[in-house]
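Enquirer: So that you have it, the file is run.txt, and it contains compact mmCIF, C-alpha atoms:
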```txt
# COMPACT_ATOMS: atom_id res chain seq x y z
CA MET A 1 -0.51 8.90 1.34
CA ASP A 2 0.06 11.76 -1.07
CA LYS A 3 -0.49 14.47 1.55
CA ASN A 4 2.32 13.16 3.71
CA MET A 5 4.70 13.34 0.81
CA LEU A 6 3.68 16.84 -0.21
CA ALA A 7 4.20 18.19 3.31
CA GLY A 8 7.96 17.97 2.91
CA LEU A 9 8.01 20.02 -0.26
CA GLU A 10 7.39 23.45 1.23
CA GLY A 11 10.96 24.70 1.49
CA LEU A 12 11.98 23.72 -2.03
CA PRO A 13 12.51 26.04 -5.00
CA GLU A 14 9.65 26.09 -7.49
CA GLU A 15 11.25 23.93 -10.17
CA ASP A 16 12.12 21.24 -7.62
CA LYS A 17 8.59 21.33 -6.28
CA ILE A 18 7.23 20.81 -9.79
CA ARG A 19 9.60 17.94 -10.40
CA MET A 20 8.74 16.23 -7.10
CA SER A 21 5.03 16.75 -7.78
CA ALA A 22 5.37 15.13 -11.20
CA MET A 23 7.25 12.23 -9.63
CA ILE A 24 4.48 11.74 -7.05
CA ASP A 25 1.77 11.91 -9.73
CA HIS A 26 3.60 9.32 -11.78
CA LEU A 27 3.99 7.00 -8.80
CA GLN A 28 0.33 7.38 -7.88
CA LEU A 29 -0.86 6.60 -11.40
CA ARG A 30 1.36 3.55 -11.61
CA ASP A 31 0.18 2.42 -8.20
CA SER A 32 -3.49 2.86 -9.12
CA LEU A 33 -3.09 0.73 -12.22
CA ARG A 34 -1.22 -1.91 -10.27
CA MET A 35 -3.99 -1.94 -7.66
CA TYR A 36 -6.63 -2.31 -10.37
CA ASN A 37 -4.88 -5.35 -11.81
CA SER A 38 -4.25 -7.01 -8.49
CA LEU A 39 -7.81 -6.42 -7.31
CA VAL A 40 -9.23 -8.01 -10.46
CA GLU A 41 -6.97 -11.01 -10.01
CA ARG A 42 -7.80 -11.36 -6.34
CA CYS A 43 -11.57 -11.18 -6.78
CA PHE A 44 -11.45 -13.49 -9.76
CA ASN A 45 -9.46 -16.05 -7.81
CA ASP A 46 -11.69 -15.81 -4.76
CA CYS A 47 -15.05 -15.74 -6.55
CA VAL A 48 -14.86 -17.61 -9.82
CA ASP A 49 -14.34 -21.35 -9.95
CA ASN A 50 -16.99 -22.55 -12.31
CA PHE A 51 -16.51 -22.65 -16.06
CA THR A 52 -19.67 -24.39 -17.24
CA ARG A 53 -20.79 -21.06 -18.67
CA LYS A 54 -18.89 -18.22 -20.24
CA THR A 55 -20.83 -15.44 -18.49
CA LEU A 56 -20.63 -14.76 -14.77
CA GLN A 57 -23.43 -16.19 -12.67
CA LYS A 58 -25.37 -13.89 -10.38
CA GLN A 59 -23.65 -15.07 -7.22
CA GLU A 60 -20.24 -14.73 -8.82
CA GLU A 61 -21.07 -11.15 -9.75
CA THR A 62 -22.26 -10.37 -6.23
CA CYS A 63 -19.15 -11.98 -4.79
CA VAL A 64 -16.90 -9.91 -7.02
CA MET A 65 -18.63 -6.67 -6.04
CA ARG A 66 -18.39 -7.47 -2.34
CA CYS A 67 -14.78 -8.54 -2.73
CA ALA A 68 -13.85 -5.27 -4.41
CA GLU A 69 -15.76 -3.11 -1.92
CA LYS A 70 -14.27 -4.95 1.00
CA PHE A 71 -10.76 -4.66 -0.31
CA LEU A 72 -11.12 -0.95 -1.00
CA LYS A 73 -12.49 -0.32 2.48
CA HIS A 74 -9.67 -2.39 3.91
CA SER A 75 -7.15 -0.44 1.88
CA MET A 76 -8.52 2.87 3.20
CA ARG A 77 -8.31 1.66 6.76
CA VAL A 78 -4.76 0.46 6.29
CA GLY A 79 -3.97 3.84 4.77
CA LEU A 80 -5.17 5.61 7.91
CA ARG A 81 -3.12 3.39 10.22
CA PHE A 82 -0.11 3.65 7.93
CA ALA A 83 -0.29 7.44 8.00
CA GLU A 84 -0.54 7.40 11.81
CA LEU A 85 2.49 5.15 12.15
CA ASN A 86 4.40 7.21 9.61
CA SER A 87 3.81 10.45 11.49
CA GLN A 88 4.75 8.79 14.79
CA ALA A 89 7.99 7.60 13.25
CA ALA A 90 8.66 11.05 11.82
CA THR A 91 8.34 12.77 15.19
CA GLN A 92 10.67 10.23 16.76
CA ASP A 93 13.51 10.91 14.33
CA MET B 94 15.65 4.23 5.33
CA ALA B 95 17.02 7.70 4.66
CA ALA B 96 20.74 7.56 4.00
CA ASN B 97 22.38 9.80 6.56
CA ASN B 98 25.96 9.12 5.65
CA THR B 99 26.08 10.70 2.19
CA PRO B 100 29.04 12.94 1.39
CA ALA B 101 28.51 16.68 1.74
CA GLY B 102 28.84 17.26 -2.00
CA ILE B 103 25.77 15.23 -3.01
CA ASN B 104 24.25 16.74 -6.11
CA LYS B 105 20.64 17.47 -6.92
CA GLU B 106 20.23 14.58 -9.33
CA GLN B 107 21.33 12.12 -6.70
CA ALA B 108 18.97 13.71 -4.20
CA PHE B 109 16.04 13.32 -6.60
CA GLY B 110 17.07 9.75 -7.26
CA MET B 111 17.14 8.94 -3.57
CA ALA B 112 13.81 10.65 -3.01
CA GLU B 113 12.27 8.63 -5.82
CA THR B 114 13.70 5.39 -4.48
CA GLU B 115 12.46 6.22 -0.99
CA MET B 116 8.95 6.95 -2.32
CA GLU B 117 8.86 3.75 -4.33
CA TYR B 118 9.95 1.84 -1.26
CA ARG B 119 7.09 3.36 0.76
CA VAL B 120 4.54 2.55 -1.92
CA GLU B 121 5.81 -1.02 -2.10
CA LEU B 122 5.72 -1.32 1.70
CA PHE B 123 2.14 -0.06 1.77
CA ASN B 124 1.04 -2.44 -0.99
CA ARG B 125 2.63 -5.49 0.61
CA LEU B 126 1.22 -4.54 3.99
CA THR B 127 -2.26 -4.14 2.51
CA GLN B 128 -2.16 -7.47 0.68
CA THR B 129 -0.74 -9.35 3.65
CA CYS B 130 -3.20 -8.06 6.21
CA PHE B 131 -6.15 -8.61 3.87
CA ASN B 132 -5.07 -12.23 3.43
CA LYS B 133 -4.68 -12.70 7.17
CA CYS B 134 -7.74 -10.88 8.39
CA VAL B 135 -10.58 -10.97 5.89
CA ASP B 136 -12.93 -13.87 5.30
CA LYS B 137 -12.78 -14.85 1.66
CA ARG B 138 -16.39 -15.93 1.50
CA TYR B 139 -17.43 -12.26 1.12
CA LYS B 140 -20.74 -12.63 2.88
CA GLU B 141 -21.15 -8.86 2.91
CA SER B 142 -19.41 -5.78 1.54
CA GLU B 143 -18.67 -4.20 4.94
CA LEU B 144 -15.76 -5.06 7.19
CA ASN B 145 -17.05 -6.44 10.47
CA MET B 146 -15.70 -5.42 13.87
CA GLY B 147 -13.44 -8.48 14.18
CA GLU B 148 -11.89 -7.77 10.81
CA ASN B 149 -11.36 -4.10 11.66
CA THR B 150 -9.59 -4.99 14.89
CA CYS B 151 -7.50 -7.61 13.16
CA ILE B 152 -6.50 -5.12 10.46
CA ASP B 153 -5.40 -2.51 13.01
CA ARG B 154 -3.33 -5.02 14.91
CA CYS B 155 -1.92 -6.57 11.77
CA VAL B 156 -0.74 -3.19 10.49
CA SER B 157 0.84 -2.41 13.84
CA LYS B 158 2.69 -5.72 14.01
CA TYR B 159 3.79 -5.57 10.39
CA TRP B 160 5.22 -2.12 11.10
CA GLN B 161 7.13 -3.47 14.09
CA VAL B 162 8.57 -6.30 12.03
CA ASN B 163 9.54 -3.76 9.40
CA GLY B 164 11.39 -1.80 12.06
CA ILE B 165 13.22 -4.84 13.43
CA ILE B 166 14.40 -5.94 10.01
CA GLY B 167 15.43 -2.39 9.18
CA GLN B 168 17.55 -2.14 12.31
CA MET B 169 19.16 -5.52 11.67
CA LEU B 170 20.06 -4.60 8.12
CA ASN B 171 21.45 -1.25 9.21
CA ALA B 172 23.61 -2.85 11.89
CA GLY B 173 25.01 -5.34 9.40
CA GLY B 174 26.04 -2.62 6.94
CA GLN B 175 24.36 -0.92 4.01
CA PRO B 176 21.32 -2.74 2.64
CA PRO B 177 21.93 -3.88 -0.92
CA MET B 178 20.46 -1.40 -3.39
```
Now that the file is in, can you turn its structure into C-alpha cells?
Expert:
Amino acid sequence: MDKNMLAGLEGLPEEDKIRMSAMIDHLQLRDSLRMYNSLVERCFNDCVDNFTRKTLQKQEETCVMRCAEKFLKHSMRVGLRFAELNSQAATQD
Amino acid sequence: MAANNTPAGINKEQAFGMAETEMEYRVELFNRLTQTCFNKCVDKRYKESELNMGENTCIDRCVSKYWQVNGIIGQMLNAGGQPPM
C-alpha cells in the first residue's frame, strides 16, 4: 500500500516529499496499531469463551495463533487485490 | 474521490490537507474491506493457519465485488452533489 502512495511523489520539491513521507509514515504507524488492537479483539472473541481458569488453555492458545496467522495472510491477499484494483482504476482516469 | 473542481488558486496547505484526507480515506476503505471479507469468507473455527482454496477464491471475489459497490456508491454521491466532508 505504501509503494503506491510513494509513486506519486516523484515530481515534488524536496520539502514536500519529506512532508508527504512523514504523513505516510504517521498513517502507517497509526494503522499498524489499530490493526494490532482489532486483531487481538477478533481472536479473543472467536477463540475464548471459557472463564473457569484465568490462564489460556492449550486449544485456546492454538486457536489464537491460527486466527492471527489466518487474518494476516488474508490481509496480505486483500492487499494484493486492492493494489491491482487501484492501479486499474488509476489507468482508467 | 479526488476533487477536480477546486479553484485555480488552491494553496499548498489545502493541497496537503486534501492529500491527507484522501490517504486516510484509502486506509479506512482497505481496513473495512479487509474486515468485511474476512467475516464473510473465513471459517471462524480456525482448523488450520492456512487459507484454503475456497477461502482464497471467496476473498478475491469479495474484494472485487466490494470494490464495485464502492464505485457505485461513489458515482451516486457524486451525481447528487458534493459528498459531505
Enquirer: Got a sec to pull out which chain B residues are within 8 Å of chain A, counting only C-alpha atoms, and send them as a count of residues only?
Expert: 20
Enquirer: Measuring atom to atom with only C-alpha atoms, identify which of B:Asn104, B:Asn171, B:Asn145, B:Asn163 is nearest to Leu122 in chain B.
Expert: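 Counting only C-alpha atoms, the residue closest to Leu122 in chain B is B:Asn163.
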Enquirer: What is the CA of Ser87 in chain A-CA of Tyr36 in chain A distance in Å, reported with one decimal?
Expert: 27.4 Å
Enquirer: Please complete range 118-129 of chain B with all heavy atoms and give it back as an mmCIF file, in the frame of the given file.
Expert:
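File part_26.cif, as written:
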```
data_model
loop_
_atom_site.group_PDB
_atom_site.id
_atom_site.type_symbol
_atom_site.label_atom_id
_atom_site.label_comp_id
_atom_site.auth_asym_id
_atom_site.auth_seq_id
_atom_site.Cartn_x
_atom_site.Cartn_y
_atom_site.Cartn_z
ATOM 1 N N TYR B 118 9.875 2.778 -2.378
ATOM 2 C CA TYR B 118 9.950 1.840 -1.260
ATOM 3 C C TYR B 118 8.711 1.930 -0.377
ATOM 4 O O TYR B 118 8.121 0.930 0.009
ATOM 5 C CB TYR B 118 11.219 2.118 -0.446
ATOM 6 C CG TYR B 118 11.157 1.601 0.970
ATOM 7 C CD1 TYR B 118 11.298 0.251 1.241
ATOM 8 C CD2 TYR B 118 10.937 2.476 2.037
ATOM 9 C CE1 TYR B 118 11.220 -0.227 2.543
ATOM 10 C CE2 TYR B 118 10.862 2.007 3.339
ATOM 11 C CZ TYR B 118 11.008 0.654 3.585
ATOM 12 O OH TYR B 118 10.928 0.198 4.867
ATOM 13 N N ARG B 119 8.272 3.170 -0.087
ATOM 14 C CA ARG B 119 7.090 3.360 0.760
ATOM 15 C C ARG B 119 5.825 2.816 0.111
ATOM 16 O O ARG B 119 4.984 2.229 0.770
ATOM 17 C CB ARG B 119 6.868 4.842 1.067
ATOM 18 C CG ARG B 119 7.949 5.412 1.869
ATOM 19 C CD ARG B 119 7.465 6.104 3.147
ATOM 20 N NE ARG B 119 8.620 6.254 3.999
ATOM 21 C CZ ARG B 119 8.735 5.719 5.214
ATOM 22 N NH1 ARG B 119 7.729 5.063 5.733
ATOM 23 N NH2 ARG B 119 9.841 5.857 5.894
ATOM 24 N N VAL B 120 5.707 3.058 -1.189
ATOM 25 C CA VAL B 120 4.540 2.550 -1.920
ATOM 26 C C VAL B 120 4.524 1.024 -1.876
ATOM 27 O O VAL B 120 3.490 0.403 -1.622
ATOM 28 C CB VAL B 120 4.554 3.061 -3.379
ATOM 29 C CG1 VAL B 120 3.538 2.308 -4.215
ATOM 30 C CG2 VAL B 120 4.269 4.546 -3.419
ATOM 31 N N GLU B 121 5.684 0.430 -2.118
ATOM 32 C CA GLU B 121 5.810 -1.020 -2.100
ATOM 33 C C GLU B 121 5.475 -1.578 -0.721
ATOM 34 O O GLU B 121 4.748 -2.561 -0.593
ATOM 35 C CB GLU B 121 7.237 -1.404 -2.506
ATOM 36 C CG GLU B 121 7.558 -2.878 -2.513
ATOM 37 C CD GLU B 121 6.994 -3.604 -3.723
ATOM 38 O OE1 GLU B 121 6.446 -2.940 -4.618
ATOM 39 O OE2 GLU B 121 7.088 -4.843 -3.744
ATOM 40 N N LEU B 122 6.000 -0.921 0.311
ATOM 41 C CA LEU B 122 5.720 -1.320 1.700
ATOM 42 C C LEU B 122 4.222 -1.288 1.962
ATOM 43 O O LEU B 122 3.646 -2.251 2.471
ATOM 44 C CB LEU B 122 6.452 -0.372 2.661
ATOM 45 C CG LEU B 122 6.119 -0.450 4.157
ATOM 46 C CD1 LEU B 122 6.402 -1.817 4.719
ATOM 47 C CD2 LEU B 122 6.908 0.602 4.923
ATOM 48 N N PHE B 123 3.583 -0.192 1.577
ATOM 49 C CA PHE B 123 2.140 -0.060 1.770
ATOM 50 C C PHE B 123 1.378 -1.161 1.044
ATOM 51 O O PHE B 123 0.456 -1.769 1.592
ATOM 52 C CB PHE B 123 1.674 1.313 1.284
ATOM 53 C CG PHE B 123 0.192 1.520 1.424
ATOM 54 C CD1 PHE B 123 -0.358 1.865 2.647
ATOM 55 C CD2 PHE B 123 -0.653 1.341 0.335
ATOM 56 C CE1 PHE B 123 -1.727 2.042 2.784
ATOM 57 C CE2 PHE B 123 -2.013 1.521 0.470
ATOM 58 C CZ PHE B 123 -2.561 1.874 1.697
ATOM 59 N N ASN B 124 1.757 -1.424 -0.210
ATOM 60 C CA ASN B 124 1.040 -2.440 -0.990
ATOM 61 C C ASN B 124 1.191 -3.820 -0.381
ATOM 62 O O ASN B 124 0.224 -4.570 -0.272
ATOM 63 C CB ASN B 124 1.543 -2.446 -2.431
ATOM 64 C CG ASN B 124 1.029 -1.261 -3.217
ATOM 65 O OD1 ASN B 124 -0.011 -0.691 -2.873
ATOM 66 N ND2 ASN B 124 1.733 -0.867 -4.270
ATOM 67 N N ARG B 125 2.408 -4.172 0.020
ATOM 68 C CA ARG B 125 2.630 -5.490 0.610
ATOM 69 C C ARG B 125 1.886 -5.626 1.923
ATOM 70 O O ARG B 125 1.297 -6.666 2.217
ATOM 71 C CB ARG B 125 4.113 -5.736 0.832
ATOM 72 C CG ARG B 125 4.839 -6.015 -0.451
ATOM 73 C CD ARG B 125 6.319 -6.169 -0.203
ATOM 74 N NE ARG B 125 7.042 -6.268 -1.453
ATOM 75 C CZ ARG B 125 7.866 -7.276 -1.757
ATOM 76 N NH1 ARG B 125 8.033 -8.261 -0.901
ATOM 77 N NH2 ARG B 125 8.493 -7.295 -2.913
ATOM 78 N N LEU B 126 1.933 -4.563 2.713
ATOM 79 C CA LEU B 126 1.220 -4.540 3.990
ATOM 80 C C LEU B 126 -0.268 -4.751 3.768
ATOM 81 O O LEU B 126 -0.912 -5.553 4.442
ATOM 82 C CB LEU B 126 1.502 -3.187 4.659
ATOM 83 C CG LEU B 126 0.635 -2.693 5.799
ATOM 84 C CD1 LEU B 126 0.606 -3.668 6.931
ATOM 85 C CD2 LEU B 126 1.155 -1.354 6.275
ATOM 86 N N THR B 127 -0.833 -4.025 2.794
ATOM 87 C CA THR B 127 -2.260 -4.140 2.510
ATOM 88 C C THR B 127 -2.635 -5.554 2.087
ATOM 89 O O THR B 127 -3.592 -6.136 2.585
ATOM 90 C CB THR B 127 -2.657 -3.138 1.404
ATOM 91 O OG1 THR B 127 -2.243 -1.836 1.796
ATOM 92 C CG2 THR B 127 -4.153 -3.124 1.185
ATOM 93 N N GLN B 128 -1.868 -6.110 1.148
ATOM 94 C CA GLN B 128 -2.160 -7.470 0.680
ATOM 95 C C GLN B 128 -2.070 -8.480 1.821
ATOM 96 O O GLN B 128 -2.946 -9.316 2.007
ATOM 97 C CB GLN B 128 -1.148 -7.890 -0.407
ATOM 98 C CG GLN B 128 -1.093 -7.031 -1.648
ATOM 99 C CD GLN B 128 -2.300 -7.202 -2.554
ATOM 100 O OE1 GLN B 128 -3.026 -8.197 -2.461
ATOM 101 N NE2 GLN B 128 -2.540 -6.243 -3.428
ATOM 102 N N THR B 129 -0.984 -8.381 2.577
ATOM 103 C CA THR B 129 -0.740 -9.350 3.650
ATOM 104 C C THR B 129 -1.849 -9.328 4.688
ATOM 105 O O THR B 129 -2.367 -10.375 5.073
ATOM 106 C CB THR B 129 0.615 -9.054 4.328
ATOM 107 O OG1 THR B 129 1.640 -9.069 3.348
ATOM 108 C CG2 THR B 129 0.927 -10.076 5.401
#
```
